[in-house]
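Novice: Sharing entry20.txt here; it has compact mmCIF, C-alpha atoms and all ligand atoms.
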# COMPACT_ATOMS: atom_id res chain seq x y z
CA MET A 171 -15.74 24.46 5.15
CA THR A 172 -15.76 24.23 1.35
CA SER A 173 -12.07 24.44 0.51
CA THR A 174 -8.71 23.71 2.11
CA GLN A 175 -5.13 23.09 1.02
CA VAL A 176 -5.08 19.36 1.85
CA ALA A 177 -8.21 17.20 2.14
CA ILE A 178 -7.38 14.20 4.35
CA VAL A 179 -9.64 11.14 4.04
CA GLY A 180 -9.49 9.06 7.23
CA ALA A 181 -8.99 10.02 10.88
CA GLY A 182 -6.83 7.09 11.92
CA PRO A 183 -3.24 7.65 13.08
CA ALA A 184 -2.02 8.50 9.55
CA GLY A 185 -4.66 11.16 8.88
CA LEU A 186 -4.52 12.70 12.35
CA LEU A 187 -0.70 12.81 12.47
CA LEU A 188 -0.57 14.32 8.97
CA GLY A 189 -3.07 17.00 9.97
CA GLN A 190 -0.96 18.07 12.95
CA LEU A 191 2.31 18.01 11.00
CA LEU A 192 0.72 20.23 8.31
CA ALA A 193 -0.67 22.63 10.92
CA LYS A 194 2.86 23.06 12.30
CA SER A 195 3.88 24.28 8.80
CA GLY A 196 0.85 26.58 8.54
CA ILE A 197 -0.84 24.35 5.96
CA THR A 198 -4.61 23.98 6.28
CA SER A 199 -6.34 20.59 6.21
CA VAL A 200 -9.79 19.12 6.71
CA ILE A 201 -10.17 15.47 7.74
CA ILE A 202 -13.20 13.51 6.55
CA GLU A 203 -13.87 10.32 8.52
CA ARG A 204 -16.68 7.86 7.96
CA GLN A 205 -16.88 6.56 11.53
CA SER A 206 -17.48 8.24 14.88
CA PRO A 207 -14.57 9.16 17.19
CA ASP A 208 -15.62 6.41 19.63
CA TYR A 209 -15.63 3.81 16.84
CA VAL A 210 -12.13 4.83 15.76
CA LEU A 211 -10.91 4.64 19.36
CA GLY A 212 -12.61 1.28 19.87
CA ARG A 213 -10.34 -0.51 17.40
CA ILE A 214 -7.56 -2.24 19.37
CA ARG A 215 -4.47 -2.39 17.19
CA ALA A 216 -0.78 -1.60 17.45
CA GLY A 217 1.27 -1.46 20.60
CA VAL A 218 4.92 -0.69 19.75
CA LEU A 219 6.25 2.71 18.57
CA GLU A 220 9.62 3.21 16.89
CA GLN A 221 11.72 6.17 18.06
CA GLY A 222 10.95 7.96 14.77
CA THR A 223 7.24 7.82 15.55
CA VAL A 224 7.84 9.05 19.10
CA ASP A 225 9.96 11.92 17.72
CA ALA A 226 7.22 12.88 15.22
CA LEU A 227 4.67 13.06 18.04
CA GLY A 228 7.15 15.12 20.04
CA SER A 229 7.70 17.53 17.13
CA ILE A 230 4.00 18.49 17.26
CA GLY A 231 3.82 18.55 21.08
CA VAL A 232 1.73 15.38 21.37
CA ASP A 233 4.08 13.25 23.48
CA ALA A 234 3.44 14.32 27.09
CA ARG A 235 1.20 11.37 28.06
CA LEU A 236 3.32 9.05 25.92
CA HIS A 237 6.38 9.83 28.06
CA GLN A 238 4.33 9.65 31.27
CA GLU A 239 2.52 6.37 30.55
CA GLY A 240 4.51 4.71 27.77
CA LEU A 241 6.93 1.88 28.60
CA PRO A 242 10.43 2.17 27.07
CA HIS A 243 11.61 -1.32 26.07
CA HIS A 244 15.27 -2.18 25.42
CA GLY A 245 14.82 -5.80 24.43
CA PHE A 246 12.41 -8.68 23.92
CA ASP A 247 12.52 -12.49 24.25
CA LEU A 248 12.43 -15.11 21.54
CA LEU A 249 10.97 -18.37 22.86
CA PHE A 250 11.62 -21.58 20.93
CA LYS A 251 12.25 -25.22 21.82
CA GLY A 252 11.05 -24.38 25.35
CA GLU A 253 13.75 -21.77 26.05
CA ARG A 254 13.71 -17.97 26.09
CA HIS A 255 16.55 -15.92 24.60
CA ARG A 256 16.72 -12.14 25.04
CA ILE A 257 17.37 -9.92 22.03
CA ASP A 258 19.16 -6.94 23.61
CA LEU A 259 17.96 -4.14 21.32
CA ALA A 260 19.91 -1.43 23.11
CA ALA A 261 23.24 -3.28 23.04
CA LEU A 262 22.79 -4.31 19.39
CA THR A 263 21.74 -0.86 18.10
CA GLY A 264 23.95 1.52 20.06
CA GLY A 265 21.30 2.30 22.68
CA LYS A 266 18.07 2.44 20.68
CA GLN A 267 14.72 1.41 22.15
CA VAL A 268 11.04 1.09 21.29
CA MET A 269 8.13 2.57 23.24
CA VAL A 270 5.19 0.37 24.25
CA TYR A 271 2.14 2.65 24.01
CA GLY A 272 -1.14 1.58 22.41
CA GLN A 273 -2.34 2.94 19.07
CA THR A 274 -5.61 3.78 20.81
CA GLU A 275 -3.71 6.18 23.11
CA VAL A 276 -1.80 7.70 20.18
CA THR A 277 -5.09 8.28 18.37
CA LYS A 278 -6.68 9.77 21.49
CA ASP A 279 -3.73 12.16 21.96
CA LEU A 280 -3.87 13.22 18.28
CA MET A 281 -7.64 13.74 18.38
CA LEU A 282 -7.30 16.03 21.42
CA ALA A 283 -4.45 17.94 19.78
CA ARG A 284 -6.51 18.48 16.63
CA GLU A 285 -9.47 19.69 18.66
CA ALA A 286 -7.22 22.08 20.60
CA SER A 287 -5.89 23.42 17.27
CA ASN A 288 -9.49 24.14 16.17
CA LEU A 289 -8.91 22.13 13.02
CA THR A 290 -11.93 20.68 11.19
CA THR A 291 -12.60 16.95 11.39
CA ILE A 292 -15.85 15.71 9.89
CA TYR A 293 -16.89 12.44 11.55
CA ASN A 294 -19.78 10.18 10.51
CA ALA A 295 -19.40 11.21 6.87
CA SER A 296 -21.07 8.81 4.43
CA ASP A 297 -20.82 8.33 0.65
CA VAL A 298 -17.30 9.76 0.69
CA ALA A 299 -15.98 10.01 -2.88
CA ILE A 300 -12.98 11.65 -4.49
CA HIS A 301 -12.98 13.42 -7.87
CA ASP A 302 -10.69 15.13 -10.41
CA PHE A 303 -7.49 14.07 -8.64
CA ASP A 304 -5.78 13.69 -12.03
CA GLY A 305 -5.76 17.50 -12.19
CA ASP A 306 -4.82 20.38 -9.85
CA SER A 307 -8.32 20.89 -8.41
CA PRO A 308 -9.42 17.66 -6.77
CA ARG A 309 -12.65 17.45 -4.80
CA VAL A 310 -14.05 15.27 -2.04
CA THR A 311 -17.81 14.84 -1.79
CA TYR A 312 -19.65 13.34 1.18
CA THR A 313 -22.97 13.26 2.96
CA LEU A 314 -23.37 14.49 6.53
CA ASN A 315 -26.69 14.35 8.38
CA GLY A 316 -28.43 13.79 5.06
CA GLN A 317 -26.86 16.87 3.46
CA ALA A 318 -24.54 16.62 0.43
CA HIS A 319 -21.20 18.44 0.78
CA GLU A 320 -18.20 19.18 -1.39
CA LEU A 321 -14.64 20.02 -0.27
CA LYS A 322 -12.19 21.52 -2.76
CA ALA A 323 -8.46 21.13 -2.13
CA ARG A 324 -5.07 21.28 -3.88
CA PHE A 325 -4.22 17.75 -2.71
CA ILE A 326 -6.10 14.76 -1.31
CA ALA A 327 -4.26 12.57 1.24
CA GLY A 328 -5.75 9.08 1.16
CA CYS A 329 -5.30 7.98 4.78
CA ASP A 330 -8.40 5.80 4.76
CA GLY A 331 -6.88 2.41 5.46
CA PHE A 332 -6.91 -0.87 3.55
CA HIS A 333 -10.64 -0.85 2.89
CA GLY A 334 -10.89 2.86 2.09
CA VAL A 335 -12.24 4.64 -0.96
CA CYS A 336 -9.09 6.44 -2.13
CA ARG A 337 -6.96 3.57 -3.45
CA ALA A 338 -10.15 1.99 -4.81
CA SER A 339 -10.77 5.17 -6.86
CA VAL A 340 -7.52 4.84 -8.81
CA PRO A 341 -7.98 3.33 -12.30
CA SER A 342 -6.69 -0.27 -12.25
CA SER A 343 -4.43 0.54 -15.21
CA ALA A 344 -2.58 3.12 -13.10
CA ILE A 345 -1.83 1.00 -10.03
CA GLN A 346 0.11 -2.21 -9.30
CA HIS A 347 -0.75 -4.43 -6.32
CA TYR A 348 1.73 -6.81 -4.64
CA GLU A 349 0.15 -9.18 -2.12
CA LYS A 350 0.81 -12.24 0.00
CA ILE A 351 -1.94 -13.78 2.15
CA TYR A 352 -0.85 -15.89 5.16
CA PRO A 353 -2.70 -19.15 5.88
CA PHE A 354 -3.58 -18.19 9.47
CA GLY A 355 -4.84 -15.34 11.63
CA TRP A 356 -4.01 -13.77 14.98
CA LEU A 357 -6.49 -14.23 17.81
CA GLY A 358 -5.92 -11.21 20.05
CA VAL A 359 -7.05 -10.68 23.64
CA LEU A 360 -6.84 -7.52 25.74
CA ALA A 361 -7.22 -8.04 29.51
CA ASP A 362 -6.70 -5.99 32.66
CA VAL A 363 -4.16 -8.39 34.10
CA PRO A 364 -0.45 -7.74 34.75
CA PRO A 365 1.84 -8.76 31.88
CA VAL A 366 3.48 -12.17 32.14
CA ALA A 367 6.96 -10.59 31.80
CA ASP A 368 8.58 -7.13 31.79
CA GLU A 369 9.28 -7.32 28.05
CA LEU A 370 7.53 -8.87 25.02
CA ILE A 371 7.83 -12.60 24.33
CA TYR A 372 7.61 -13.86 20.73
CA ALA A 373 7.10 -17.64 20.77
CA ASN A 374 7.65 -20.19 17.99
CA THR A 375 6.09 -23.43 19.26
CA GLU A 376 4.83 -26.64 17.66
CA ARG A 377 1.32 -25.57 18.66
CA GLY A 378 1.70 -22.24 16.85
CA PHE A 379 2.96 -18.70 17.34
CA ALA A 380 2.18 -16.72 20.49
CA LEU A 381 2.99 -13.13 21.44
CA CYS A 382 2.89 -11.73 24.96
CA SER A 383 2.63 -7.95 24.83
CA MET A 384 1.15 -5.24 27.02
CA ARG A 385 -0.38 -1.77 27.19
CA SER A 386 0.71 -0.93 30.76
CA LYS A 387 1.86 -2.66 33.97
CA THR A 388 -1.78 -3.65 34.59
CA ARG A 389 -3.10 -4.28 31.06
CA SER A 390 -1.87 -7.11 28.83
CA ARG A 391 -2.24 -7.83 25.13
CA TYR A 392 -1.82 -11.44 23.94
CA TYR A 393 -1.98 -13.07 20.50
CA LEU A 394 -2.23 -16.69 19.34
CA GLN A 395 -1.76 -17.94 15.78
CA CYS A 396 -5.07 -19.56 14.83
CA PRO A 397 -6.62 -21.15 11.72
CA LEU A 398 -8.34 -18.66 9.40
CA SER A 399 -11.48 -20.77 9.82
CA ASP A 400 -11.65 -19.99 13.56
CA THR A 401 -14.21 -17.53 14.89
CA VAL A 402 -14.02 -15.47 18.08
CA GLU A 403 -17.12 -17.27 19.33
CA GLN A 404 -15.17 -20.55 19.30
CA TRP A 405 -12.64 -19.14 21.77
CA SER A 406 -13.85 -18.78 25.34
CA ASP A 407 -11.56 -16.86 27.67
CA GLN A 408 -10.78 -20.13 29.40
CA ALA A 409 -9.81 -21.81 26.11
CA PHE A 410 -7.61 -18.83 25.21
CA TRP A 411 -5.72 -18.78 28.52
CA HIS A 412 -5.28 -22.57 28.45
CA GLU A 413 -3.81 -22.51 24.94
CA LEU A 414 -1.58 -19.54 25.72
CA GLY A 415 -0.22 -21.38 28.75
CA ASN A 416 0.51 -24.41 26.55
CA ARG A 417 2.62 -22.21 24.24
CA LEU A 418 4.75 -20.62 26.98
CA ASP A 419 7.85 -21.89 28.78
CA PRO A 420 7.21 -23.27 32.29
CA GLN A 421 8.40 -20.06 34.03
CA ALA A 422 6.13 -17.83 31.98
CA ALA A 423 3.21 -20.26 32.20
CA GLN A 424 3.61 -20.20 35.96
CA ALA A 425 3.67 -16.40 36.02
CA LEU A 426 0.66 -15.99 33.70
CA VAL A 427 -2.21 -14.08 35.35
CA THR A 428 -5.55 -14.69 33.64
CA GLY A 429 -8.76 -12.70 33.77
CA PRO A 430 -11.80 -11.65 31.71
CA SER A 431 -11.05 -10.39 28.21
CA ILE A 432 -12.11 -6.79 27.52
CA GLU A 433 -11.50 -7.22 23.79
CA LYS A 434 -11.15 -10.35 21.69
CA SER A 435 -10.75 -10.41 17.90
CA ILE A 436 -9.22 -12.37 15.03
CA ALA A 437 -7.20 -10.46 12.42
CA PRO A 438 -6.16 -12.02 9.12
CA LEU A 439 -2.52 -11.51 8.11
CA ARG A 440 -1.41 -10.18 4.78
CA SER A 441 1.49 -8.39 3.13
CA PHE A 442 0.30 -5.80 0.62
CA VAL A 443 1.80 -2.88 -1.28
CA ALA A 444 0.18 -0.61 -3.87
CA GLU A 445 2.54 1.15 -6.27
CA PRO A 446 2.90 4.02 -6.86
CA MET A 447 1.62 5.94 -3.82
CA ARG A 448 0.84 9.11 -5.79
CA PHE A 449 -1.72 9.68 -8.54
CA GLY A 450 -1.73 13.33 -9.67
CA SER A 451 -3.13 15.25 -6.70
CA LEU A 452 -3.96 12.08 -4.70
CA MET A 453 -1.30 10.80 -2.28
CA LEU A 454 -1.81 7.48 -0.42
CA ALA A 455 -0.36 6.98 3.07
CA GLY A 456 -0.49 4.27 5.75
CA ASP A 457 -2.70 1.23 5.43
CA ALA A 458 -4.37 2.79 2.37
CA ALA A 459 -1.13 2.00 0.52
CA HIS A 460 0.36 -0.99 2.34
CA ILE A 461 -0.29 -3.67 4.94
CA VAL A 462 2.22 -5.72 6.91
CA PRO A 463 1.62 -8.78 9.10
CA PRO A 464 1.77 -7.32 12.67
CA THR A 465 4.64 -9.65 13.73
CA GLY A 466 7.25 -6.93 13.26
CA ALA A 467 5.09 -4.14 14.79
CA LYS A 468 5.57 -2.02 11.64
CA GLY A 469 2.05 -1.05 10.48
CA LEU A 470 1.50 1.99 12.61
CA ASN A 471 5.16 3.05 12.33
CA LEU A 472 5.06 2.91 8.51
CA ALA A 473 1.92 5.07 8.57
CA ALA A 474 3.88 7.57 10.64
CA SER A 475 6.91 7.62 8.33
CA ASP A 476 4.70 7.99 5.25
CA VAL A 477 3.02 11.09 6.63
CA MET A 478 6.31 12.52 7.85
CA TYR A 479 7.57 12.36 4.25
CA LEU A 480 4.25 13.68 2.95
CA ALA A 481 4.19 16.64 5.35
CA GLN A 482 7.74 17.59 4.27
CA ALA A 483 6.67 17.31 0.62
CA PHE A 484 3.62 19.54 1.13
CA GLU A 485 5.68 22.09 3.08
CA ARG A 486 8.09 22.37 0.12
CA TYR A 487 5.14 22.70 -2.26
CA PHE A 488 3.08 25.29 -0.37
CA ASN A 489 5.82 27.23 1.42
CA ASP A 490 8.74 27.04 -1.07
CA LYS A 491 6.81 26.58 -4.34
CA ASP A 492 8.99 23.49 -4.88
CA ASN A 493 7.38 20.36 -6.44
CA GLY A 494 10.38 18.17 -5.64
CA GLY A 495 8.94 16.66 -2.47
CA VAL A 496 5.58 15.83 -3.98
CA ASP A 497 7.21 14.40 -7.10
CA GLY A 498 9.59 12.28 -5.01
CA TYR A 499 7.14 11.17 -2.29
CA SER A 500 6.13 7.80 -3.71
CA ALA A 501 9.68 6.56 -4.35
CA GLN A 502 10.87 7.86 -0.96
CA ALA A 503 8.03 6.24 0.97
CA LEU A 504 8.15 2.95 -0.95
CA SER A 505 11.88 2.54 -0.29
CA ARG A 506 11.17 2.37 3.46
CA VAL A 507 7.88 0.49 3.01
CA TRP A 508 9.49 -2.40 1.14
CA LYS A 509 12.26 -2.81 3.74
CA ALA A 510 9.57 -3.04 6.45
CA GLU A 511 7.54 -5.42 4.27
CA ARG A 512 10.57 -7.66 3.93
CA PHE A 513 11.29 -7.64 7.67
CA SER A 514 7.64 -8.28 8.58
CA TRP A 515 7.44 -11.17 6.07
CA TRP A 516 10.75 -12.62 7.31
CA PHE A 517 9.80 -12.44 11.01
CA THR A 518 6.33 -13.87 10.28
CA SER A 519 7.84 -16.72 8.23
CA LEU A 520 10.31 -17.45 11.04
CA MET A 521 7.91 -17.44 13.98
CA HIS A 522 4.73 -19.13 12.75
CA GLN A 523 3.85 -22.76 12.02
CA PHE A 524 3.43 -23.60 8.32
CA PRO A 525 2.47 -27.31 8.43
CA GLU A 526 1.74 -27.20 4.70
CA LEU A 527 5.46 -26.51 4.11
CA GLY A 528 6.46 -29.75 5.86
CA SER A 529 9.22 -30.79 8.26
CA PHE A 530 12.04 -29.26 6.24
CA ASN A 531 10.60 -25.76 6.86
CA GLN A 532 10.34 -26.51 10.58
CA LYS A 533 14.02 -27.56 10.71
CA VAL A 534 15.10 -24.45 8.78
CA GLN A 535 13.16 -22.29 11.25
CA GLU A 536 14.90 -23.97 14.17
CA ALA A 537 18.31 -23.50 12.51
CA GLU A 538 17.63 -19.81 11.83
CA LEU A 539 16.44 -19.22 15.41
CA ASP A 540 19.54 -21.00 16.71
CA TYR A 541 21.70 -18.84 14.42
CA LEU A 542 19.90 -15.65 15.55
CA VAL A 543 20.56 -16.16 19.25
CA ASN A 544 24.19 -17.21 18.73
CA SER A 545 25.33 -14.67 16.12
CA THR A 546 25.78 -10.98 16.90
CA ALA A 547 25.56 -10.21 13.19
CA ALA A 548 22.22 -12.01 12.82
CA ALA A 549 20.79 -10.51 16.02
CA THR A 550 21.96 -7.04 14.97
CA SER A 551 20.03 -7.32 11.72
CA LEU A 552 16.89 -8.31 13.63
CA ALA A 553 17.39 -5.54 16.20
CA GLU A 554 18.02 -2.70 13.75
CA ASN A 555 14.90 -3.59 11.77
CA TYR A 556 12.80 -3.97 14.92
CA VAL A 557 13.76 -0.54 16.39
CA GLY A 558 13.13 1.00 12.94
CA LEU A 559 15.45 1.69 10.02
CA PRO A 560 16.56 5.31 9.56
CA LEU A 561 13.95 7.68 8.09
P1 LIG A 601 -6.43 3.04 9.78
O1 LIG A 601 -7.12 1.86 9.14
O2 LIG A 601 -6.05 2.98 11.21
O3 LIG A 601 -7.37 4.33 9.64
C1 LIG A 601 -8.09 4.59 8.45
C2 LIG A 601 -9.28 5.45 8.81
O4 LIG A 601 -9.98 5.76 7.60
C3 LIG A 601 -10.27 4.72 9.71
O5 LIG A 601 -10.62 5.53 10.81
C4 LIG A 601 -11.48 4.46 8.80
O6 LIG A 601 -12.71 4.51 9.51
C5 LIG A 601 -11.37 5.60 7.82
N1 LIG A 601 -12.03 5.32 6.53
C6 LIG A 601 -12.05 4.15 5.85
N2 LIG A 601 -12.75 4.29 4.71
C7 LIG A 601 -13.19 5.59 4.67
C8 LIG A 601 -13.97 6.33 3.77
N3 LIG A 601 -14.45 5.78 2.65
N4 LIG A 601 -14.21 7.64 4.05
C9 LIG A 601 -13.72 8.20 5.18
N5 LIG A 601 -12.98 7.54 6.09
C10 LIG A 601 -12.72 6.25 5.83
N6 LIG A 601 0.04 -2.56 13.47
C11 LIG A 601 1.04 -2.78 14.35
O7 LIG A 601 2.09 -2.15 14.23
N7 LIG A 601 0.88 -3.71 15.37
C12 LIG A 601 -0.29 -4.41 15.54
O8 LIG A 601 -0.42 -5.22 16.45
C13 LIG A 601 -1.37 -4.20 14.66
N8 LIG A 601 -2.56 -4.86 14.80
C14 LIG A 601 -3.57 -4.65 13.88
C15 LIG A 601 -4.81 -5.32 13.98
C16 LIG A 601 -5.83 -5.10 13.04
C17 LIG A 601 -7.16 -5.83 13.16
C18 LIG A 601 -5.62 -4.21 11.97
C19 LIG A 601 -6.70 -3.99 10.92
C20 LIG A 601 -4.40 -3.54 11.86
C21 LIG A 601 -3.38 -3.74 12.82
N9 LIG A 601 -2.15 -3.07 12.75
C22 LIG A 601 -1.14 -3.26 13.62
C23 LIG A 601 -1.92 -2.14 11.73
C24 LIG A 601 -2.53 -0.84 12.17
O9 LIG A 601 -2.01 -0.43 13.38
C25 LIG A 601 -2.34 0.11 11.03
O10 LIG A 601 -1.01 0.06 10.56
C26 LIG A 601 -2.69 1.52 11.40
O11 LIG A 601 -4.00 1.54 11.89
C27 LIG A 601 -2.53 2.35 10.14
O12 LIG A 601 -3.14 3.56 10.36
P2 LIG A 601 -3.91 4.29 9.17
O13 LIG A 601 -3.10 4.21 7.93
O14 LIG A 601 -4.32 5.59 9.72
O15 LIG A 601 -5.18 3.36 8.86
C1 LIG A 602 0.83 -5.28 20.37
O1 LIG A 602 1.13 -4.98 21.54
O2 LIG A 602 -0.33 -5.14 19.91
C2 LIG A 602 1.91 -5.80 19.45
C3 LIG A 602 3.22 -5.72 19.86
C4 LIG A 602 4.22 -6.21 19.03
C5 LIG A 602 3.88 -6.77 17.81
C6 LIG A 602 2.55 -6.83 17.39
C7 LIG A 602 1.56 -6.34 18.23
O3 LIG A 602 4.86 -7.26 17.01
Here is the file; what I need is its structure written in the form of structure tokens.
Ligand code: FAS
Ligand code: PHB
Specialist:
Amino acid sequence: MTSTQVAIVGAGPAGLLLGQLLAKSGITSVIIERQSPDYVLGRIRAGVLEQGTVDALGSIGVDARLHQEGLPHHGFDLLFKGERHRIDLAALTGGKQVMVYGQTEVTKDLMLAREASNLTTIYNASDVAIHDFDGDSPRVTYTLNGQAHELKARFIAGCDGFHGVCRASVPSSAIQHYEKIYPFGWLGVLADVPPVADELIYANTERGFALCSMRSKTRSRYYLQCPLSDTVEQWSDQAFWHELGNRLDPQAAQALVTGPSIEKSIAPLRSFVAEPMRFGSLMLAGDAAHIVPPTGAKGLNLAASDVMYLAQAFERYFNDKDNGGVDGYSAQALSRVWKAERFSWWFTSLMHQFPELGSFNQKVQEAELDYLVNSTAAATSLAENYVGLPL
């Protein structure tokens, strides 16, 4: 394959979803991915899908397993000062919900759909580089099995994540970065044990933040706030389960089922936005353009909304000869990105320990949590951001 309409760099959820949305509009794409399919599937990441993301998967016929195996959630618990308080998402948002279904499963479903559509995905590509994207004939070059290749396209979609090549290829004079680094990480564990509760529990405790999530009724996903200096090797399974139990209320600690971890990793937390998200014929989407701390479960969902906007823009360009969508993509995507960045920063600032900010910050956190669980207005704001603001 030497030419296509849209060259997509990166076969994560953003690239794969974009490819299927474009195919639905009869627009050709080739995805170039530097890792193997197994490597991509081996990364354990997001777990909560907004309804907009579920609808996008449904619009391309990739939601059958999601509706069979996914867990619809209508609320979650906030745990602070030893007590749990339920945030009733459905009641606060006129019946909206989120779907608990792992990013790994979404990626698997999208990979199978792309294969079934006979669309080209080049895995294990090395030396991927992008060229001439300031004009109308951009190119992607890469090496595969020792052979040099070139792909011509009308547009390049940079869906290659935070550490990808696309954003890095933009001249520094043409791009603005906004960033906040948090002074802690998330130690995550995946284990084939039943979840501690039917819904997620977000805990603000003196020992640090904890999150009890899940992938199914038999597979749990847990996170602990930990110092950035910690390494996975320092955390035995036993140490993890003991600390998690210390951060839960007595009822949850009692119900906690422990077992061997099948994945254990530490992720740093950052807020990051690159502006704009379009450079001539190069469009950035997903983590290539922005990162949120995972507290608000927005990363994967923002990747989905970016590519929904981008697919609409490309459909107007290729099918209606209308540049309006492409010209308006960056502003449209960034409007939603910044609202999710704000929510993710706010929820992270509310739920984690910041000892460096002193006792005043701790008291303000307690007051805000108290306000949240006793004010419908405050809880509604949390709920409508958590289920996903309108597209
Ligand atoms: P991705 O990073 O998923 O995919 C980019 C793809 O591009 C990768 O397959 C990569 O191999 C490829 N690539 C990179 N450089 C390339 C190059 N030069 N050439 C070709 N291909 C290249 N979000 C949540 O909502 N909840 C969470 O709990 C959560 N946990 C996370 C934990 C971690 C450790 C990380 C890193 C992210 C987490 N996220 C979470 C965010 C995550 O889900 C992202 O938002 C999501 O993967 C975004 O998808 P993409 O934009 O497709 O980027
Ligand atoms: C997860 O299940 O991985 C998950 C869920 C909710 C979050 C973050 C991560 O806010």
Novice: Can you tell me how far atom P2 of ligand LIG 601 (chain A) sits from atom CA of A:Gly265, in Å to one decimal?
Specialist: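 Atom CA of A:Gly265 lies 28.7 Å from atom P2 of ligand LIG 601 (chain A).
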Novice: Return as AutoDock Vina command-line options the centre and edge lengths, in Å with one decimal, of the box along x, y and z that encloses every atom of ligand LIG 602 (chain A) in the file, padded by 4 Å per side.
Specialist:
--center_x 2.3 --center_y -6.1 --center_z 19.3 --size_x 13.2 --size_y 10.3 --size_z 12.5
Novice: I'd like the neighbourhood of A:Pro397 as a PyMOL selection string, where a residue qualifies if any of its atoms comes within 10 Å (using all atoms listed in the file), though same-chain residues fewer than 4 positions away should be ignored.
Specialist: chain A and resi 353-357+378+401+436+438
Novice: Between A:Glu445, A:Glu485, A:Glu203, A:Glu413, which residue has the minimum interatomic distance to A:Ala501, considering only C-alpha atoms?
Specialist: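 Between A:Glu445, A:Glu485, A:Glu203, A:Glu413, the residue approaching A:Ala501 most closely is A:Glu445.
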Novice: Would you kindly return, as a PDB file with C-alpha atoms, in the coordinates of the input, each protein, DNA or RNA residue with an atom no farther than 10 Å from any atom of stretch 244-250 of chain A, considering only C-alpha atoms and excluding same-chain residues fewer than 3 positions away?
Specialist:
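What ended up in part09.pdb:
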ATOM      1  CA  LEU A 241       6.930   1.880  28.600  1.00  0.00           C
ATOM      2  CA  GLU A 253      13.750 -21.770  26.050  1.00  0.00           C
ATOM      3  CA  ARG A 254      13.710 -17.970  26.090  1.00  0.00           C
ATOM      4  CA  HIS A 255      16.550 -15.920  24.600  1.00  0.00           C
ATOM      5  CA  ARG A 256      16.720 -12.140  25.040  1.00  0.00           C
ATOM      6  CA  ILE A 257      17.370  -9.920  22.030  1.00  0.00           C
ATOM      7  CA  ASP A 258      19.160  -6.940  23.610  1.00  0.00           C
ATOM      8  CA  LEU A 259      17.960  -4.140  21.320  1.00  0.00           C
ATOM      9  CA  ALA A 260      19.910  -1.430  23.110  1.00  0.00           C
ATOM     10  CA  ALA A 261      23.240  -3.280  23.040  1.00  0.00           C
ATOM     11  CA  LEU A 262      22.790  -4.310  19.390  1.00  0.00           C
ATOM     12  CA  THR A 263      21.740  -0.860  18.100  1.00  0.00           C
ATOM     13  CA  GLY A 265      21.300   2.300  22.680  1.00  0.00           C
ATOM     14  CA  LYS A 266      18.070   2.440  20.680  1.00  0.00           C
ATOM     15  CA  GLN A 267      14.720   1.410  22.150  1.00  0.00           C
ATOM     16  CA  VAL A 268      11.040   1.090  21.290  1.00  0.00           C
ATOM     17  CA  MET A 269       8.130   2.570  23.240  1.00  0.00           C
ATOM     18  CA  ALA A 367       6.960 -10.590  31.800  1.00  0.00           C
ATOM     19  CA  ASP A 368       8.580  -7.130  31.790  1.00  0.00           C
ATOM     20  CA  GLU A 369       9.280  -7.320  28.050  1.00  0.00           C
ATOM     21  CA  LEU A 370       7.530  -8.870  25.020  1.00  0.00           C
ATOM     22  CA  ILE A 371       7.830 -12.600  24.330  1.00  0.00           C
ATOM     23  CA  TYR A 372       7.610 -13.860  20.730  1.00  0.00           C
ATOM     24  CA  ALA A 373       7.100 -17.640  20.770  1.00  0.00           C
ATOM     25  CA  ASN A 374       7.650 -20.190  17.990  1.00  0.00           C
ATOM     26  CA  THR A 375       6.090 -23.430  19.260  1.00  0.00           C
ATOM     27  CA  GLU A 376       4.830 -26.640  17.660  1.00  0.00           C
ATOM     28  CA  PHE A 379       2.960 -18.700  17.340  1.00  0.00           C
ATOM     29  CA  ALA A 380       2.180 -16.720  20.490  1.00  0.00           C
ATOM     30  CA  LEU A 381       2.990 -13.130  21.440  1.00  0.00           C
ATOM     31  CA  CYS A 382       2.890 -11.730  24.960  1.00  0.00           C
ATOM     32  CA  SER A 383       2.630  -7.950  24.830  1.00  0.00           C
ATOM     33  CA  ARG A 417       2.620 -22.210  24.240  1.00  0.00           C
ATOM     34  CA  LEU A 418       4.750 -20.620  26.980  1.00  0.00           C
ATOM     35  CA  ASP A 419       7.850 -21.890  28.780  1.00  0.00           C
ATOM     36  CA  MET A 521       7.910 -17.440  13.980  1.00  0.00           C
ATOM     37  CA  GLN A 535      13.160 -22.290  11.250  1.00  0.00           C
ATOM     38  CA  GLU A 536      14.900 -23.970  14.170  1.00  0.00           C
ATOM     39  CA  LEU A 539      16.440 -19.220  15.410  1.00  0.00           C
ATOM     40  CA  ASP A 540      19.540 -21.000  16.710  1.00  0.00           C
ATOM     41  CA  LEU A 542      19.900 -15.650  15.550  1.00  0.00           C
ATOM     42  CA  VAL A 543      20.560 -16.160  19.250  1.00  0.00           C
ATOM     43  CA  ALA A 553      17.390  -5.540  16.200  1.00  0.00           C
ATOM     44  CA  TYR A 556      12.800  -3.970  14.920  1.00  0.00           C
ATOM     45  CA  VAL A 557      13.760  -0.540  16.390  1.00  0.00           C
TER      46      VAL A 557
END
Novice: Could you give me the residues within 8 Å of ligand LIG 601 (chain A), counting all atoms listed in the file, as JSON, numbers by chain?
Specialist: {"A": [179, 180, 181, 182, 183, 184, 185, 186, 202, 203, 204, 205, 209, 210, 213, 214, 215, 216, 217, 218, 219, 273, 295, 296, 297, 298, 299, 329, 330, 331, 332, 333, 334, 335, 336, 435, 436, 437, 438, 455, 456, 457, 458, 459, 461, 462, 463, 464, 465, 466, 467, 468, 469, 470, 471, 472, 473]}
